[in-house]
Amino acid sequence: MKIATVLHAGRTAAAVVTGDRAIVLGPGITALDLLRADPSDRDDLVARHVDDEVALGELELRSP
């Protein structure tokens with residue numbers, strides 16, 4: 001799982017990069033939350049917090 005922090009819709013958000021797309025997560029979850037989570041729980045955590053899915057080129061990557 002590739003975890004990123006991005007600027008999306010005017011806010012900084014955690015995201016999961018899949019190919020040339022990013023699954024942007026809602027404001028209740030951070031990249032640090034994903035990193036701290038047990039790897040076997042991360043897919044479920046992402047599924048529960050999906051906010052949007054956008055092309056990676058449409059996002060500004062931020063430092064973690």
# chains A, B, ... in the order shown; residues from 1 in each chain; ligands from 1

$ residues_around --residues "segment 43-56 of chain A" --least-positions-apart "4" --cutoff "9 Å" --atoms "only C-alpha atoms" --output "ChimeraX atom specification"
/A:1,15-29,34,37,39,60-61

$ select_by_dssp --residues "segment 4-58 of chain A" --states "strand (DSSP E)" --output "ChimeraX atom specification"
/A:4-8,11-18,21-25,50-55

$ select_by_dssp --residues "chain A" --states "helix (DSSP H, G or I)" --output "list in words"
Ala31, Leu32, Asp33, Leu34, Leu35, Arg36, Pro39, Ser40, Asp41, Arg42, Asp43, Asp44, Leu45, Val46, Ala47, Arg48, His49, Leu56, Gly57 and Glu58 of chain A

$ write_last_selection --atoms "N, CA, C and O atoms" --output "CSV table (one decimal), in the first residue's frame"
chain,number,residue,atom,x,y,z
A,31,ALA,N,-2.5,10.1,7.4
A,31,ALA,CA,-1.5,9.2,6.9
A,31,ALA,C,-0.8,8.4,8.1
A,31,ALA,O,-0.5,7.2,8.0
A,32,LEU,N,-0.6,9.2,9.1
A,32,LEU,CA,0.0,8.5,10.3
A,32,LEU,C,-0.9,7.5,10.9
A,32,LEU,O,-0.5,6.4,11.4
A,33,ASP,N,-2.2,7.7,10.9
A,33,ASP,CA,-3.2,6.6,11.3
A,33,ASP,C,-3.0,5.4,10.5
A,33,ASP,O,-3.0,4.3,11.0
A,34,LEU,N,-2.9,5.5,9.2
A,34,LEU,CA,-2.7,4.4,8.3
A,34,LEU,C,-1.3,3.7,8.6
A,34,LEU,O,-1.3,2.4,8.7
A,35,LEU,N,-0.3,4.4,8.8
A,35,LEU,CA,1.0,3.8,9.1
A,35,LEU,C,1.0,3.1,10.5
A,35,LEU,O,1.7,2.1,10.7
A,36,ARG,N,0.3,3.6,11.4
A,36,ARG,CA,0.2,3.0,12.8
A,36,ARG,C,-0.7,1.8,12.8
A,36,ARG,O,-0.5,0.9,13.7
A,39,PRO,N,-0.9,-3.7,9.5
A,39,PRO,CA,-1.1,-3.9,8.0
A,39,PRO,C,-2.3,-4.7,7.6
A,39,PRO,O,-2.9,-4.4,6.5
A,40,SER,N,-2.7,-5.7,8.3
A,40,SER,CA,-3.8,-6.5,8.0
A,40,SER,C,-5.1,-5.7,8.1
A,40,SER,O,-6.2,-6.2,7.6
A,41,ASP,N,-5.1,-4.6,8.8
A,41,ASP,CA,-6.3,-3.8,9.0
A,41,ASP,C,-6.4,-2.6,8.1
A,41,ASP,O,-7.5,-1.9,8.0
A,42,ARG,N,-5.4,-2.3,7.3
A,42,ARG,CA,-5.4,-1.1,6.5
A,42,ARG,C,-6.4,-1.0,5.4
A,42,ARG,O,-7.0,0.0,5.2
A,43,ASP,N,-6.6,-2.1,4.7
A,43,ASP,CA,-7.6,-2.1,3.6
A,43,ASP,C,-9.0,-1.8,4.2
A,43,ASP,O,-9.7,-1.0,3.6
A,44,ASP,N,-9.3,-2.4,5.3
A,44,ASP,CA,-10.6,-2.1,5.9
A,44,ASP,C,-10.7,-0.6,6.4
A,44,ASP,O,-11.7,0.0,6.2
A,45,LEU,N,-9.6,-0.1,6.9
A,45,LEU,CA,-9.6,1.3,7.4
A,45,LEU,C,-9.8,2.2,6.2
A,45,LEU,O,-10.6,3.2,6.3
A,46,VAL,N,-9.1,1.9,5.1
A,46,VAL,CA,-9.3,2.7,3.9
A,46,VAL,C,-10.8,2.7,3.4
A,46,VAL,O,-11.4,3.7,3.1
A,47,ALA,N,-11.3,1.5,3.3
A,47,ALA,CA,-12.7,1.3,2.8
A,47,ALA,C,-13.7,2.1,3.7
A,47,ALA,O,-14.7,2.6,3.1
A,48,ARG,N,-13.4,2.2,4.9
A,48,ARG,CA,-14.4,2.9,5.8
A,48,ARG,C,-14.3,4.4,5.7
A,48,ARG,O,-15.2,5.1,6.2
A,49,HIS,N,-13.2,4.9,5.2
A,49,HIS,CA,-12.9,6.4,5.2
A,49,HIS,C,-12.8,7.0,3.8
A,49,HIS,O,-12.3,8.1,3.7
A,56,LEU,N,-4.1,10.9,-10.0
A,56,LEU,CA,-3.0,11.4,-9.2
A,56,LEU,C,-2.5,12.8,-9.7
A,56,LEU,O,-2.1,13.6,-8.9
A,57,GLY,N,-2.5,13.0,-11.0
A,57,GLY,CA,-2.1,14.2,-11.6
A,57,GLY,C,-2.9,15.4,-11.2
A,57,GLY,O,-2.5,16.6,-11.4
A,58,GLU,N,-4.1,15.2,-10.7
A,58,GLU,CA,-5.0,16.3,-10.2
A,58,GLU,C,-4.7,16.7,-8.8
A,58,GLU,O,-5.3,17.7,-8.3

$ residues_around --residues "Leu7 of chain A" --least-positions-apart "2" --cutoff "9 Å" --atoms "only C-alpha atoms" --output "JSON, numbers by chain"
{"A": [5, 9, 10, 11, 12, 13, 14, 59, 60, 61, 62]}

$ decode --residues "segment 16-49 of chain A" --atoms "N, CA, C and O atoms" --output "tab-separated table (two decimals), in the first residue's frame"
chain	number	residue	atom	x	y	z
A	16	VAL	N	-4.35	6.94	-0.57
A	16	VAL	CA	-3.69	5.69	-0.94
A	16	VAL	C	-3.56	5.71	-2.46
A	16	VAL	O	-4.55	5.90	-3.17
A	17	VAL	N	-2.34	5.56	-2.93
A	17	VAL	CA	-2.05	5.62	-4.36
A	17	VAL	C	-2.15	4.22	-4.96
A	17	VAL	O	-1.57	3.27	-4.45
A	18	THR	N	-2.94	4.12	-6.03
A	18	THR	CA	-3.09	2.86	-6.77
A	18	THR	C	-2.90	3.17	-8.24
A	18	THR	O	-3.79	3.74	-8.88
A	19	GLY	N	-1.74	2.84	-8.77
A	19	GLY	CA	-1.45	3.16	-10.17
A	19	GLY	C	-1.39	4.65	-10.38
A	19	GLY	O	-0.65	5.35	-9.69
A	20	ASP	N	-2.22	5.16	-11.30
A	20	ASP	CA	-2.24	6.60	-11.57
A	20	ASP	C	-3.42	7.29	-10.90
A	20	ASP	O	-3.80	8.39	-11.26
A	21	ARG	N	-4.00	6.65	-9.90
A	21	ARG	CA	-5.14	7.20	-9.17
A	21	ARG	C	-4.84	7.24	-7.68
A	21	ARG	O	-3.95	6.54	-7.20
A	22	ALA	N	-5.58	8.07	-6.97
A	22	ALA	CA	-5.43	8.16	-5.53
A	22	ALA	C	-6.81	8.06	-4.88
A	22	ALA	O	-7.76	8.71	-5.32
A	23	ILE	N	-6.89	7.26	-3.87
A	23	ILE	CA	-8.10	7.18	-3.05
A	23	ILE	C	-7.90	8.16	-1.91
A	23	ILE	O	-7.04	7.95	-1.04
A	24	VAL	N	-8.65	9.25	-1.94
A	24	VAL	CA	-8.52	10.30	-0.93
A	24	VAL	C	-9.43	9.94	0.24
A	24	VAL	O	-10.60	9.59	0.06
A	25	LEU	N	-8.88	10.04	1.44
A	25	LEU	CA	-9.63	9.66	2.64
A	25	LEU	C	-10.23	10.88	3.31
A	25	LEU	O	-9.75	12.01	3.16
A	26	GLY	N	-11.28	10.65	4.06
A	26	GLY	CA	-12.00	11.71	4.75
A	26	GLY	C	-11.17	12.35	5.85
A	26	GLY	O	-10.10	11.85	6.23
A	27	PRO	N	-11.67	13.45	6.40
A	27	PRO	CA	-10.90	14.21	7.40
A	27	PRO	C	-10.67	13.47	8.71
A	27	PRO	O	-9.85	13.90	9.51
A	28	GLY	N	-11.34	12.37	8.95
A	28	GLY	CA	-11.17	11.66	10.21
A	28	GLY	C	-9.97	10.74	10.26
A	28	GLY	O	-9.72	10.09	11.28
A	29	ILE	N	-9.18	10.68	9.19
A	29	ILE	CA	-8.05	9.74	9.14
A	29	ILE	C	-6.82	10.45	8.56
A	29	ILE	O	-6.95	11.27	7.67
A	30	THR	N	-5.65	10.15	9.10
A	30	THR	CA	-4.41	10.76	8.61
A	30	THR	C	-3.48	9.67	8.08
A	30	THR	O	-3.69	8.48	8.34
A	31	ALA	N	-2.45	10.10	7.36
A	31	ALA	CA	-1.46	9.15	6.88
A	31	ALA	C	-0.80	8.44	8.06
A	31	ALA	O	-0.53	7.24	8.01
A	32	LEU	N	-0.60	9.15	9.15
A	32	LEU	CA	-0.01	8.54	10.34
A	32	LEU	C	-0.93	7.46	10.91
A	32	LEU	O	-0.45	6.41	11.37
A	33	ASP	N	-2.24	7.68	10.87
A	33	ASP	CA	-3.19	6.65	11.32
A	33	ASP	C	-3.01	5.38	10.50
A	33	ASP	O	-3.02	4.27	11.05
A	34	LEU	N	-2.85	5.54	9.19
A	34	LEU	CA	-2.66	4.37	8.33
A	34	LEU	C	-1.34	3.65	8.64
A	34	LEU	O	-1.29	2.43	8.69
A	35	LEU	N	-0.30	4.42	8.85
A	35	LEU	CA	1.00	3.84	9.15
A	35	LEU	C	1.01	3.11	10.50
A	35	LEU	O	1.67	2.09	10.65
A	36	ARG	N	0.27	3.64	11.44
A	36	ARG	CA	0.20	3.03	12.78
A	36	ARG	C	-0.68	1.78	12.81
A	36	ARG	O	-0.54	0.94	13.69
A	37	ALA	N	-1.59	1.69	11.87
A	37	ALA	CA	-2.54	0.56	11.85
A	37	ALA	C	-1.81	-0.73	11.51
A	37	ALA	O	-0.83	-0.74	10.76
A	38	ASP	N	-2.31	-1.82	12.03
A	38	ASP	CA	-1.78	-3.13	11.67
A	38	ASP	C	-1.96	-3.31	10.17
A	38	ASP	O	-3.04	-3.01	9.63
A	39	PRO	N	-0.94	-3.74	9.46
A	39	PRO	CA	-1.06	-3.90	8.00
A	39	PRO	C	-2.27	-4.72	7.57
A	39	PRO	O	-2.86	-4.44	6.52
A	40	SER	N	-2.67	-5.69	8.35
A	40	SER	CA	-3.83	-6.50	7.97
A	40	SER	C	-5.15	-5.75	8.13
A	40	SER	O	-6.17	-6.18	7.61
A	41	ASP	N	-5.13	-4.61	8.82
A	41	ASP	CA	-6.35	-3.81	9.03
A	41	ASP	C	-6.44	-2.60	8.09
A	41	ASP	O	-7.47	-1.94	8.05
A	42	ARG	N	-5.39	-2.32	7.34
A	42	ARG	CA	-5.36	-1.09	6.54
A	42	ARG	C	-6.40	-1.05	5.44
A	42	ARG	O	-7.03	-0.01	5.22
A	43	ASP	N	-6.61	-2.15	4.73
A	43	ASP	CA	-7.62	-2.14	3.65
A	43	ASP	C	-9.00	-1.80	4.19
A	43	ASP	O	-9.74	-1.02	3.58
A	44	ASP	N	-9.35	-2.37	5.33
A	44	ASP	CA	-10.64	-2.09	5.94
A	44	ASP	C	-10.72	-0.63	6.39
A	44	ASP	O	-11.75	0.02	6.21
A	45	LEU	N	-9.65	-0.13	6.94
A	45	LEU	CA	-9.60	1.26	7.40
A	45	LEU	C	-9.81	2.21	6.21
A	45	LEU	O	-10.60	3.16	6.29
A	46	VAL	N	-9.15	1.93	5.10
A	46	VAL	CA	-9.31	2.75	3.90
A	46	VAL	C	-10.76	2.66	3.40
A	46	VAL	O	-11.38	3.68	3.11
A	47	ALA	N	-11.30	1.47	3.33
A	47	ALA	CA	-12.67	1.28	2.83
A	47	ALA	C	-13.69	2.07	3.66
A	47	ALA	O	-14.66	2.58	3.12
A	48	ARG	N	-13.45	2.17	4.95
A	48	ARG	CA	-14.39	2.89	5.82
A	48	ARG	C	-14.26	4.41	5.73
A	48	ARG	O	-15.16	5.13	6.18
A	49	HIS	N	-13.17	4.91	5.16
A	49	HIS	CA	-12.92	6.36	5.16
A	49	HIS	C	-12.75	6.97	3.78
A	49	HIS	O	-12.29	8.10	3.66
